[in-house]
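Chemist: Handing over work_12.cif, mmCIF, C-alpha atoms.
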```cif
data_query
#
loop_
_atom_site.label_atom_id
_atom_site.label_comp_id
_atom_site.auth_asym_id
_atom_site.auth_seq_id
_atom_site.Cartn_x
_atom_site.Cartn_y
_atom_site.Cartn_z
CA MET A 1191 21.03 1.28 -12.77
CA SER A 1192 20.86 4.51 -14.67
CA GLY A 1193 18.64 7.36 -13.61
CA TYR A 1194 15.86 6.80 -16.11
CA ALA A 1195 13.38 4.62 -14.22
CA SER A 1196 10.27 6.60 -13.28
CA ASP A 1197 11.44 9.84 -14.91
CA ASN A 1198 8.59 9.61 -17.39
CA ALA A 1199 6.14 8.31 -14.80
CA SER A 1200 6.28 11.11 -12.29
CA GLY A 1201 3.11 12.86 -13.44
CA GLY A 1202 4.65 16.26 -12.78
CA ARG A 1203 6.23 15.28 -9.47
CA ARG A 1204 9.95 15.71 -9.00
CA TRP A 1205 12.52 13.67 -7.14
CA THR A 1206 13.26 15.12 -3.72
CA ASP A 1207 16.89 14.87 -2.66
CA GLY A 1208 18.45 14.55 0.78
CA ASN A 1209 16.22 12.02 2.53
CA ARG A 1210 16.82 9.16 4.93
CA VAL A 1211 14.67 6.07 4.36
CA GLU A 1212 14.60 3.16 6.80
CA LEU A 1213 12.90 -0.14 6.01
CA LEU A 1214 10.65 -1.51 8.78
CA GLU A 1215 9.60 -5.14 8.58
CA ASN A 1216 6.43 -6.38 10.27
CA GLY A 1217 4.72 -5.01 13.34
CA GLU A 1218 7.65 -5.84 15.60
CA GLN A 1219 9.71 -3.08 13.97
CA PHE A 1220 6.91 -0.76 12.86
CA PHE A 1221 4.63 -0.36 15.88
CA PRO A 1222 7.31 0.57 18.48
CA ARG A 1223 8.74 3.21 16.15
CA VAL A 1224 5.33 4.78 15.48
CA PHE A 1225 4.20 4.72 19.11
CA ASP A 1226 7.52 6.16 20.32
CA ALA A 1227 7.29 8.93 17.72
CA ILE A 1228 3.77 9.82 18.87
CA ARG A 1229 4.86 9.86 22.53
CA GLU A 1230 7.78 12.15 21.65
CA ALA A 1231 5.73 14.49 19.43
CA ARG A 1232 5.71 18.15 20.36
CA ARG A 1233 3.10 19.74 18.10
CA GLU A 1234 1.08 17.51 15.79
CA VAL A 1235 0.23 13.89 14.93
CA ILE A 1236 -1.69 12.76 11.85
CA VAL A 1237 -2.55 9.08 11.26
CA GLU A 1238 -4.27 7.61 8.21
CA THR A 1239 -5.07 3.91 8.18
CA PHE A 1240 -7.33 1.49 6.37
CA ILE A 1241 -7.84 -0.87 9.32
CA LEU A 1242 -7.94 -0.09 13.03
CA PHE A 1243 -9.05 -2.95 15.26
CA GLU A 1244 -9.81 -2.94 18.95
CA ASP A 1245 -7.07 -5.36 19.97
CA LYS A 1246 -3.74 -4.96 21.73
CA VAL A 1247 -2.26 -2.95 18.85
CA GLY A 1248 -5.32 -0.75 18.41
CA ASP A 1249 -5.37 -0.16 22.16
CA GLN A 1250 -1.72 0.97 22.11
CA LEU A 1251 -2.43 3.41 19.28
CA HIS A 1252 -5.51 4.62 21.18
CA ALA A 1253 -3.46 5.25 24.33
CA ALA A 1254 -0.65 7.03 22.45
CA LEU A 1255 -3.03 9.33 20.56
CA CYS A 1256 -5.08 10.17 23.67
CA GLU A 1257 -1.95 10.99 25.65
CA ALA A 1258 -0.67 13.22 22.85
CA ALA A 1259 -3.99 15.08 22.62
CA ARG A 1260 -4.10 15.60 26.39
CA ARG A 1261 -0.65 17.21 26.16
CA GLY A 1262 -2.21 19.82 23.88
CA LEU A 1263 -1.04 18.48 20.52
CA LYS A 1264 -3.18 18.63 17.38
CA VAL A 1265 -4.07 14.96 16.76
CA ASP A 1266 -5.97 13.79 13.67
CA LEU A 1267 -6.98 10.18 12.98
CA LEU A 1268 -8.47 9.19 9.62
CA ILE A 1269 -9.83 5.66 9.20
CA ASP A 1270 -11.62 3.99 6.32
CA GLY A 1271 -15.32 3.26 6.67
CA PHE A 1272 -15.00 -0.14 5.02
CA GLY A 1273 -11.81 -1.30 6.70
CA SER A 1274 -12.70 -0.10 10.21
CA PRO A 1275 -16.48 -0.35 10.40
CA SER A 1276 -17.17 -1.47 13.97
CA LEU A 1277 -15.30 0.56 16.53
CA SER A 1278 -17.15 0.59 19.83
CA THR A 1279 -18.76 3.60 21.50
CA GLU A 1280 -16.19 3.47 24.27
CA PHE A 1281 -13.22 3.31 21.89
CA VAL A 1282 -14.31 6.31 19.81
CA ALA A 1283 -15.51 8.32 22.82
CA GLY A 1284 -12.18 7.80 24.55
CA LEU A 1285 -10.39 9.35 21.58
CA THR A 1286 -12.74 12.27 21.03
CA SER A 1287 -13.02 13.14 24.72
CA ALA A 1288 -9.22 13.38 24.88
CA GLY A 1289 -9.27 15.81 21.97
CA VAL A 1290 -8.41 13.52 19.05
CA LYS A 1291 -10.18 14.52 15.83
CA VAL A 1292 -11.49 11.23 14.44
CA ARG A 1293 -12.82 11.04 10.89
CA ALA A 1294 -14.06 8.15 8.75
CA PHE A 1295 -13.61 8.09 4.99
CA ASP A 1296 -16.88 7.22 3.24
CA PRO A 1297 -18.41 5.37 6.19
CA GLY A 1298 -21.38 4.27 4.10
CA LYS A 1299 -24.59 2.60 5.25
CA ARG A 1300 -25.26 -1.07 5.70
CA PHE A 1301 -27.87 -2.87 3.61
CA PHE A 1302 -29.24 -5.93 5.37
CA GLY A 1303 -26.08 -5.95 7.47
CA GLN A 1304 -23.73 -5.91 4.47
CA ARG A 1305 -21.09 -3.27 3.79
CA LEU A 1306 -21.54 -1.95 0.26
CA ASN A 1307 -18.70 0.59 0.26
CA VAL A 1308 -16.13 -1.89 -1.04
CA PHE A 1309 -15.16 0.42 -3.91
CA ARG A 1310 -13.20 3.68 -3.70
CA ARG A 1311 -11.68 2.84 -0.32
CA MET A 1312 -9.11 4.95 1.54
CA HIS A 1313 -6.42 2.26 1.61
CA ARG A 1314 -3.45 4.47 2.55
CA LYS A 1315 -1.30 3.89 5.66
CA ILE A 1316 0.49 7.13 6.57
CA VAL A 1317 1.71 8.76 9.77
CA VAL A 1318 3.20 12.26 10.01
CA VAL A 1319 4.62 13.53 13.30
CA ASP A 1320 5.44 17.22 13.81
CA GLY A 1321 5.78 17.60 10.05
CA ALA A 1322 9.30 16.18 10.38
CA LEU A 1323 8.93 12.38 10.49
CA ALA A 1324 6.71 10.24 8.27
CA PHE A 1325 5.82 6.57 7.99
CA VAL A 1326 4.40 5.08 4.78
CA GLY A 1327 3.68 1.43 4.02
CA GLY A 1328 1.20 -1.41 4.11
CA ILE A 1329 0.89 -2.12 7.84
CA ASN A 1330 -2.49 -1.59 9.53
CA TYR A 1331 -3.11 -1.20 13.26
CA SER A 1332 -4.11 -4.74 14.15
CA ALA A 1333 -2.53 -7.60 16.07
CA ASP A 1334 -2.34 -9.81 12.97
CA HIS A 1335 0.79 -7.87 12.00
CA LEU A 1336 2.66 -9.40 14.96
CA LEU A 1337 4.29 -12.82 14.87
CA ASP A 1338 2.67 -13.94 18.11
CA PHE A 1339 -0.71 -13.74 16.36
CA GLY A 1340 0.03 -17.22 15.00
CA PRO A 1341 -0.17 -18.84 11.54
CA GLN A 1342 -2.23 -15.96 10.15
CA ALA A 1343 0.27 -13.28 11.17
CA LYS A 1344 1.05 -11.11 8.15
CA GLN A 1345 4.44 -10.48 6.51
CA ASP A 1346 4.59 -6.79 5.67
CA TYR A 1347 6.73 -3.67 5.24
CA ALA A 1348 6.78 0.09 5.83
CA VAL A 1349 9.36 2.87 5.80
CA ALA A 1350 10.31 5.67 8.17
CA LEU A 1351 11.30 8.89 6.39
CA THR A 1352 13.04 12.11 7.38
CA GLY A 1353 14.23 14.94 5.18
CA PRO A 1354 12.59 17.28 2.65
CA ILE A 1355 10.13 14.64 1.37
CA VAL A 1356 8.28 14.75 4.70
CA SER A 1357 7.07 18.29 3.91
CA GLU A 1358 5.36 16.95 0.79
CA ILE A 1359 3.76 14.05 2.65
CA HIS A 1360 2.65 16.41 5.42
CA ARG A 1361 1.05 18.79 2.94
CA PHE A 1362 -0.75 15.85 1.31
CA VAL A 1363 -2.37 14.54 4.52
CA LEU A 1364 -3.41 18.04 5.56
CA HIS A 1365 -4.97 18.58 2.14
CA ALA A 1366 -6.86 15.27 2.43
CA ILE A 1367 -8.43 16.43 5.68
CA ALA A 1368 -9.23 19.88 4.26
CA VAL A 1369 -10.87 18.55 1.10
CA GLY A 1370 -12.89 16.17 3.23
CA GLY A 1371 -14.63 18.99 5.01
CA LYS A 1372 -12.34 21.35 6.96
CA GLY A 1373 -11.99 23.79 4.08
CA ALA A 1374 -9.37 26.06 2.56
CA SER A 1375 -8.93 28.41 5.53
CA TRP A 1376 -8.16 25.51 7.87
CA PHE A 1377 -5.66 24.15 5.33
CA ARG A 1378 -3.91 27.51 4.94
CA ARG A 1379 -3.62 27.90 8.69
CA ARG A 1380 -2.13 24.43 9.19
CA ILE A 1381 0.25 24.88 6.27
CA LYS A 1382 1.40 28.20 7.72
CA GLU A 1383 2.12 26.46 11.01
CA ALA A 1384 4.03 23.72 9.16
CA ALA A 1385 6.24 26.30 7.43
CA SER A 1386 8.20 26.68 10.67
CA VAL A 1387 9.47 23.08 10.33
CA ASP A 1388 12.91 22.92 8.74
CA ASN A 1389 13.13 19.59 6.94
CA ALA A 1390 16.80 19.86 6.15
CA PRO A 1391 18.56 17.02 4.33
CA THR A 1392 19.11 13.96 6.54
CA GLY A 1393 20.43 11.44 4.01
CA SER A 1394 21.28 10.76 0.39
CA ALA A 1395 18.10 9.09 -0.89
CA GLN A 1396 16.02 10.58 -3.68
CA VAL A 1397 12.32 10.02 -2.99
CA GLN A 1398 9.00 10.60 -4.71
CA PHE A 1399 5.74 10.37 -2.80
CA VAL A 1400 3.24 8.90 -5.26
CA THR A 1401 -0.49 8.54 -4.73
CA ARG A 1402 -3.45 7.10 -6.61
CA ASP A 1403 -6.85 8.77 -6.55
CA ASN A 1404 -9.90 8.87 -8.77
CA ARG A 1405 -9.36 12.29 -10.29
CA ARG A 1406 -5.90 13.59 -11.23
CA HIS A 1407 -3.68 10.65 -10.29
CA THR A 1408 -5.61 7.63 -11.47
CA ASN A 1409 -2.63 5.51 -12.55
CA ASP A 1410 0.51 7.17 -11.17
CA ILE A 1411 1.66 4.17 -9.10
CA GLU A 1412 1.13 1.77 -11.99
CA ARG A 1413 3.13 4.04 -14.31
CA HIS A 1414 6.07 4.02 -11.91
CA TYR A 1415 6.03 0.22 -11.87
CA LEU A 1416 5.86 0.13 -15.66
CA ALA A 1417 8.73 2.58 -16.06
CA ALA A 1418 10.94 0.63 -13.66
CA ILE A 1419 10.21 -2.75 -15.29
CA ARG A 1420 10.68 -1.45 -18.82
CA SER A 1421 13.97 0.24 -17.89
CA ALA A 1422 15.43 -2.63 -15.85
CA ARG A 1423 18.64 -4.22 -17.11
CA GLN A 1424 19.59 -6.72 -14.38
CA ARG A 1425 16.74 -7.64 -12.03
CA VAL A 1426 13.18 -6.91 -10.95
CA VAL A 1427 11.75 -8.32 -7.72
CA ILE A 1428 8.10 -7.72 -6.84
CA ALA A 1429 6.57 -8.94 -3.56
CA ASN A 1430 2.85 -8.29 -3.59
CA ALA A 1431 0.01 -9.74 -1.60
CA TYR A 1432 -2.89 -9.35 -4.03
CA PHE A 1433 -1.61 -9.93 -7.54
CA PHE A 1434 -3.93 -9.64 -10.52
CA PRO A 1435 -2.44 -6.75 -12.50
CA GLY A 1436 -3.49 -5.25 -15.77
CA TYR A 1437 -2.36 -6.29 -19.24
CA ARG A 1438 0.37 -3.65 -19.45
CA LEU A 1439 2.14 -4.83 -16.32
CA ILE A 1440 1.95 -8.48 -17.34
CA LYS A 1441 3.31 -7.61 -20.79
CA ALA A 1442 6.13 -5.51 -19.28
CA MET A 1443 7.21 -8.36 -16.99
CA ARG A 1444 7.18 -10.88 -19.83
CA ARG A 1445 9.19 -8.61 -22.13
CA ALA A 1446 11.73 -7.86 -19.41
CA ALA A 1447 12.26 -11.56 -18.72
CA ARG A 1448 12.64 -12.31 -22.43
CA ARG A 1449 15.36 -9.70 -22.84
CA GLY A 1450 17.35 -11.33 -20.04
CA VAL A 1451 16.26 -9.45 -16.92
CA ASP A 1452 15.97 -11.63 -13.81
CA VAL A 1453 12.26 -11.04 -13.04
CA ARG A 1454 10.96 -12.55 -9.82
CA LEU A 1455 7.56 -12.47 -8.18
CA ILE A 1456 6.91 -13.27 -4.51
CA LEU A 1457 3.21 -14.04 -4.08
CA GLN A 1458 0.98 -15.60 -1.46
CA GLY A 1459 1.33 -19.34 -0.93
CA GLU A 1460 -0.71 -19.32 2.28
CA PRO A 1461 -3.23 -16.60 1.45
CA ASP A 1462 -5.60 -14.97 3.89
CA MET A 1463 -8.29 -15.33 1.20
CA PRO A 1464 -8.19 -18.42 -1.10
CA ILE A 1465 -9.42 -16.46 -4.11
CA VAL A 1466 -6.16 -14.47 -4.01
CA LYS A 1467 -4.05 -17.52 -4.87
CA VAL A 1468 -6.57 -18.81 -7.40
CA ALA A 1469 -6.58 -15.50 -9.28
CA ALA A 1470 -2.79 -15.16 -9.32
CA SER A 1471 -2.22 -18.77 -10.37
CA MET A 1472 -4.31 -18.23 -13.48
CA LEU A 1473 -1.45 -16.05 -14.75
CA TYR A 1474 1.38 -18.47 -13.94
CA HIS A 1475 1.54 -20.08 -17.40
CA HIS A 1476 1.86 -16.71 -19.15
CA LEU A 1477 4.61 -15.57 -16.80
CA LEU A 1478 6.61 -18.79 -16.40
CA HIS A 1479 6.79 -19.46 -20.12
CA ALA A 1480 8.28 -15.99 -20.63
CA GLY A 1481 10.99 -16.70 -18.05
CA VAL A 1482 9.53 -14.96 -14.99
CA ARG A 1483 10.42 -16.73 -11.74
CA ILE A 1484 7.52 -17.18 -9.31
CA TYR A 1485 7.93 -17.82 -5.59
CA GLU A 1486 5.06 -18.52 -3.21
CA TYR A 1487 5.63 -17.38 0.36
CA CYS A 1488 4.46 -20.29 2.48
CA GLU A 1489 5.13 -19.42 6.13
CA ARG A 1490 2.03 -17.25 6.60
CA PRO A 1491 -0.01 -14.69 4.63
CA LEU A 1492 2.06 -12.21 2.64
CA HIS A 1493 0.70 -8.68 2.99
CA GLY A 1494 3.63 -6.70 1.56
CA LYS A 1495 3.49 -4.29 -1.36
CA VAL A 1496 7.16 -3.73 -2.23
CA ALA A 1497 9.39 -3.96 -5.28
CA LEU A 1498 12.89 -3.21 -6.51
CA ALA A 1499 14.60 -2.85 -9.89
CA ASP A 1500 18.31 -3.15 -10.58
CA ASP A 1501 20.44 -1.63 -7.79
CA GLN A 1502 18.78 1.76 -7.08
CA TRP A 1503 14.99 1.80 -7.63
CA SER A 1504 12.62 0.60 -4.90
CA THR A 1505 9.05 1.15 -3.80
CA VAL A 1506 7.16 0.54 -0.56
CA GLY A 1507 3.55 1.43 0.07
CA SER A 1508 -0.08 0.45 0.33
CA SER A 1509 -0.81 -0.41 -3.30
CA ASN A 1510 -1.43 -3.99 -4.28
CA LEU A 1511 -1.22 -5.01 -7.94
CA ASP A 1512 -4.91 -5.85 -8.35
CA PRO A 1513 -8.00 -4.10 -9.71
CA LEU A 1514 -8.95 -2.54 -6.37
CA SER A 1515 -5.58 -0.88 -5.77
CA LEU A 1516 -4.73 -0.01 -9.36
CA SER A 1517 -8.14 1.32 -10.41
CA LEU A 1518 -10.33 2.04 -7.38
CA ASN A 1519 -8.66 2.59 -4.00
CA LEU A 1520 -6.91 5.66 -2.68
CA GLU A 1521 -3.28 4.54 -2.29
CA ALA A 1522 0.14 5.91 -1.36
CA ASN A 1523 3.65 4.61 -2.14
CA VAL A 1524 7.12 6.05 -1.85
CA ILE A 1525 9.52 5.53 -4.74
CA VAL A 1526 13.15 5.51 -3.60
CA ARG A 1527 16.39 5.94 -5.53
CA ASP A 1528 19.14 4.79 -3.21
CA LYS A 1529 21.63 1.93 -3.51
CA ALA A 1530 21.82 1.26 0.22
CA PHE A 1531 18.04 1.05 0.63
CA ASN A 1532 17.71 -1.09 -2.51
CA GLN A 1533 20.36 -3.46 -1.15
CA THR A 1534 18.60 -3.74 2.21
CA LEU A 1535 15.28 -4.53 0.55
CA TRP A 1536 16.97 -7.05 -1.75
CA GLU A 1537 18.58 -8.83 1.21
CA ARG A 1538 15.23 -9.10 3.02
CA LEU A 1539 13.41 -10.39 -0.06
CA ASP A 1540 16.23 -12.75 -1.01
CA ALA A 1541 16.07 -14.26 2.49
CA LEU A 1542 12.34 -14.81 2.00
CA MET A 1543 12.87 -16.54 -1.33
CA GLN A 1544 15.66 -18.75 -0.01
CA HIS A 1545 14.15 -19.79 3.31
CA SER A 1546 10.39 -19.23 3.28
CA CYS A 1547 9.20 -19.69 -0.29
CA LYS A 1548 8.43 -22.46 -2.73
CA ARG A 1549 9.56 -21.78 -6.28
CA ILE A 1550 6.88 -22.63 -8.81
CA GLU A 1551 8.12 -24.50 -11.87
CA ALA A 1552 6.30 -25.06 -15.13
CA ALA A 1553 6.25 -28.79 -14.31
CA ASP A 1554 4.20 -28.00 -11.18
CA LEU A 1555 1.33 -26.74 -13.32
CA SER A 1556 -1.21 -29.01 -14.91
CA GLU A 1557 -0.87 -29.69 -18.60
CA TRP A 1558 -2.46 -27.37 -21.09
CA SER A 1559 -5.99 -28.32 -22.04
CA ALA A 1560 -8.61 -26.86 -24.33
CA TRP A 1561 -10.46 -25.42 -21.33
CA ARG A 1562 -7.30 -23.90 -19.86
CA LEU A 1563 -6.47 -22.30 -23.21
CA VAL A 1564 -9.94 -20.77 -23.48
CA ARG A 1565 -9.93 -19.63 -19.86
CA SER A 1566 -6.45 -18.11 -20.14
CA PHE A 1567 -7.43 -16.26 -23.31
CA PHE A 1568 -10.40 -14.59 -21.61
CA ILE A 1569 -8.47 -13.83 -18.41
CA PHE A 1570 -5.60 -12.27 -20.35
CA HIS A 1571 -7.94 -10.00 -22.28
CA LEU A 1572 -9.99 -9.19 -19.19
CA LEU A 1573 -6.76 -7.86 -17.72
CA ARG A 1574 -6.19 -5.87 -20.89
CA TRP A 1575 -9.46 -3.98 -20.60
CA TYR A 1576 -10.51 -3.85 -16.96
CA PRO A 1577 -8.95 -0.43 -16.20
CA SER A 1578 -11.36 1.08 -18.72
CA TRP A 1579 -14.33 -0.83 -17.35
CA VAL A 1580 -13.82 0.07 -13.70
CA GLY A 1581 -13.51 3.69 -14.73
CA TRP A 1582 -17.25 3.61 -15.36
CA LEU A 1583 -17.94 3.07 -11.66
CA PRO A 1584 -19.12 6.16 -9.74
CA ARG A 1585 -16.37 8.55 -8.72
CA HIS A 1586 -16.78 10.82 -5.77
CA ALA A 1587 -14.69 13.31 -3.85
CA PRO A 1588 -13.38 12.11 -0.48
CA LYS A 1589 -16.10 12.31 2.14
CA LEU A 1590 -14.84 12.49 5.70
CA GLU A 1591 -17.38 12.13 8.48
CA PRO A 1592 -16.39 13.28 11.97
CA LEU A 1593 -16.90 10.49 14.49
CA ASP A 1594 -18.39 11.71 17.73
CA SER A 1595 -20.21 8.38 17.92
CA PRO A 1596 -19.14 4.89 16.85
CA THR A 1597 -19.13 3.59 13.33
CA PRO A 1598 -22.01 1.22 12.49
CA GLN A 1599 -22.10 -1.98 14.52
CA GLY A 1600 -22.47 -5.55 13.37
CA GLY A 1601 -20.66 -7.63 10.76
CA GLY A 1602 -17.45 -5.65 11.15
CA ALA A 1603 -14.12 -6.03 9.44
CA THR A 1604 -12.49 -9.39 9.80
CA GLN A 1605 -8.93 -10.55 9.49
CA THR A 1606 -9.67 -11.61 5.89
CA ASP A 1607 -10.55 -8.17 4.52
CA ALA A 1608 -8.20 -7.32 1.65
CA ALA A 1609 -5.86 -4.83 3.24
#
```
Could you express the structure from this file as structure tokens?

Modeler:
Amino acid sequence: MSGYASDNASGGRRWTDGNRVELLENGEQFFPRVFDAIREARREVIVETFILFEDKVGDQLHAALCEAARRGLKVDLLIDGFGSPSLSTEFVAGLTSAGVKVRAFDPGKRFFGQRLNVFRRMHRKIVVVDGALAFVGGINYSADHLLDFGPQAKQDYAVALTGPIVSEIHRFVLHAIAVGGKGASWFRRRIKEAASVDNAPTGSAQVQFVTRDNRRHTNDIERHYLAAIRSARQRVVIANAYFFPGYRLIKAMRRAARRGVDVRLILQGEPDMPIVKVAASMLYHHLLHAGVRIYEYCERPLHGKVALADDQWSTVGSSNLDPLSLSLNLEANVIVRDKAFNQTLWERLDALMQHSCKRIEAADLSEWSAWRLVRSFFIFHLLRWYPSWVGWLPRHAPKLEPLDSPTPQGGGATQTDAA
């Protein structure tokens, strides 16, 4: 693959050379690496997550963060008010009494027991340790990311990063905390401390850290996907849990398939929320008839948000391809240019398609009918215009609320929250 994909999508960001990127699959690979990194930290730990549950995984994170804070490290934990709404008094007090700075993004208020802060969620999953090691991906801190959880255990991915890109990720998470209430002087002091970290080259991967927000970077992740699909010459493979993308992405996939690119989608066959499969399946006719191959992952819920194009371009992160992630949530992905990493991701996804997926054929779909034609027409054009419509929803700067007491109780997050 030539070096064009994402060049025009970078939104001012540049490729950072000299990085090492390691793919981590599921909680079995991810959690031990993160917890070991926190235990070995010497100066600072910052964790951002959408969901933190009080289960065996949440308890391990709790213990690791408390131990780090008691050793005198600066420890910051940022959770989302919608994704993690019901942490107990004891859980939060244990963290804060140890010295962990706990903050909730847009905690919101309940109305008749219902959470209304479904929009503009902090959906990122990032860890930075000592400004020298970072983790980015789609894995939350909950036991449903482990295989022993059972049939509802999630299939998911993250990456561990070292090298110069970590400085950029570190600066980003510090800025998020500062904008949320700590202020410019706090940010300058922490950045000055971080300047002592020498993130020398550790590998050969080029990386961009790409985020989506509701101000300057409203569609950066989508533009990287579009650039990669439009530039692809051999193959595109997208594995995404919540798939209901906009018109431009659908059109780009169809055009790529028609010009001979092997375009494959891995979607949920055993979804954690039935509406996910219903929504995605409404697009099957449009995609299959253009030559896109569709695979439904049937072993358990797919939670991944990864993709690759040709033999160099890859992405791993928190962004789904649905209206929430593409137009509302705060998201973070890494875009990687590296043949070795691309090959590793391809091998993992190819194994999924061969052994754990059902390929959907046009014959599997019901025949066209007048109602299906009408419905498909409206769905297709809804996808064409929804990015403009959701832009009318209220936009607000990140609001971080320090948690010295628990988040609101009752009707908390469940294992079916879109994550």

Chemist: Would you write out, as a VMD selection string, every residue that the PyMOL selection byres ((chain A and resi 1210-1225) around 6) captures in this file?

Modeler: chain A and resid 1209 1226 to 1228 1335 to 1336 1345 to 1352 1392 to 1393 1395

Chemist: To one decimal place, how far is CA of Leu1268 in chain A from CA of Asp1512 in chain A in Å?

Modeler: 23.7 Å

Chemist: Enter the distance from CA of Cys1547 in chain A to CA of Tyr1485 in chain A, in Å, rounded to one decimal.

Modeler: 5.8 Å

Chemist: I need the residue nearest Gln1458 in chain A from this list: A:Ala1366, A:Ala1417, A:Ile1550, A:Ala1422. Use all atoms listed in the file for the distance.

Modeler: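 Looking at the shortest contact to Gln1458 in chain A, the residue is A:Ile1550.
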
Chemist: For range 1415-1501 of chain A against range 1521-1535 of chain A, with a cut-off of 12 Å and counting only C-alpha atoms, what is the closest atom pair and its distance in Å to one decimal for every residue that makes the cut, ordered by chain and number, as a Markdown table?

Modeler:
```
| residue | atom | partner | partner_atom | distance |
| --- | --- | --- | --- | --- |
| A:Tyr1415 | CA | A:Ile1525 | CA | 9.6 |
| A:Ala1417 | CA | A:Ile1525 | CA | 11.7 |
| A:Ala1418 | CA | A:Ile1525 | CA | 10.3 |
| A:Arg1425 | CA | A:Asn1532 | CA | 11.6 |
| A:Val1426 | CA | A:Asn1532 | CA | 11.2 |
| A:Val1427 | CA | A:Leu1535 | CA | 9.8 |
| A:Ile1428 | CA | A:Leu1535 | CA | 10.8 |
| A:Ala1429 | CA | A:Leu1535 | CA | 10.6 |
| A:Gly1494 | CA | A:Leu1535 | CA | 11.9 |
| A:Lys1495 | CA | A:Asn1523 | CA | 8.9 |
| A:Val1496 | CA | A:Leu1535 | CA | 8.6 |
| A:Ala1497 | CA | A:Leu1535 | CA | 8.3 |
| A:Leu1498 | CA | A:Asn1532 | CA | 6.6 |
| A:Ala1499 | CA | A:Asn1532 | CA | 8.2 |
| A:Asp1500 | CA | A:Asn1532 | CA | 8.4 |
| A:Asp1501 | CA | A:Lys1529 | CA | 5.7 |
```

Chemist: Given the file shown, determine the residues that the PyMOL selection byres ((chain A and resi 1236) around 9) selects; report them as a PDB file with C-alpha atoms, in the coordinates of the input.

Modeler:
```
ATOM      1  CA  GLU A1234       1.080  17.510  15.790  1.00  0.00           C
ATOM      2  CA  VAL A1235       0.230  13.890  14.930  1.00  0.00           C
ATOM      3  CA  VAL A1237      -2.550   9.080  11.260  1.00  0.00           C
ATOM      4  CA  GLU A1238      -4.270   7.610   8.210  1.00  0.00           C
ATOM      5  CA  LYS A1264      -3.180  18.630  17.380  1.00  0.00           C
ATOM      6  CA  VAL A1265      -4.070  14.960  16.760  1.00  0.00           C
ATOM      7  CA  ASP A1266      -5.970  13.790  13.670  1.00  0.00           C
ATOM      8  CA  LEU A1267      -6.980  10.180  12.980  1.00  0.00           C
ATOM      9  CA  LEU A1268      -8.470   9.190   9.620  1.00  0.00           C
ATOM     10  CA  ILE A1316       0.490   7.130   6.570  1.00  0.00           C
ATOM     11  CA  VAL A1317       1.710   8.760   9.770  1.00  0.00           C
ATOM     12  CA  VAL A1318       3.200  12.260  10.010  1.00  0.00           C
ATOM     13  CA  VAL A1319       4.620  13.530  13.300  1.00  0.00           C
ATOM     14  CA  ASP A1320       5.440  17.220  13.810  1.00  0.00           C
ATOM     15  CA  HIS A1360       2.650  16.410   5.420  1.00  0.00           C
ATOM     16  CA  VAL A1363      -2.370  14.540   4.520  1.00  0.00           C
ATOM     17  CA  LEU A1364      -3.410  18.040   5.560  1.00  0.00           C
TER      18      LEU A1364
END
```

Chemist: So how far away is CA of Lys1344 in chain A from CA of Val1482 in chain A, in Å?

Modeler: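 Separating CA of Val1482 in chain A from CA of Lys1344 in chain A is a distance of 24.9 Å.
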
Chemist: Using only C-alpha atoms, determine which residues lie at most 8 Å from Tyr1432 in chain A, disregarding the query and same-chain residues fewer than 5 positions distant; provide the list as a ChimeraX atom specification.

Modeler: /A:1457-1458,1466,1470,1493,1510-1512

Chemist: Once you add 8 Å to each side, what are the centre and edge lengths of the axis-aligned box holding all listed atoms of range 1417-1430 of chain A? One decimal in Å, as JSON, if you can.

Modeler:
```
{"center_x": 11.2, "center_y": -3.2, "center_z": -11.2, "size_x": 32.7, "size_y": 27.5, "size_z": 31.3}
```

Chemist: Anything within 12 Å of (11.4, -1.3, -16.0): list those residues as a PyMOL selection string, counting only C-alpha atoms and sticking to the file's coordinates.

Modeler: chain A and resi 1191-1199+1412-1428+1438-1447+1449+1451-1453+1497-1500+1502-1504
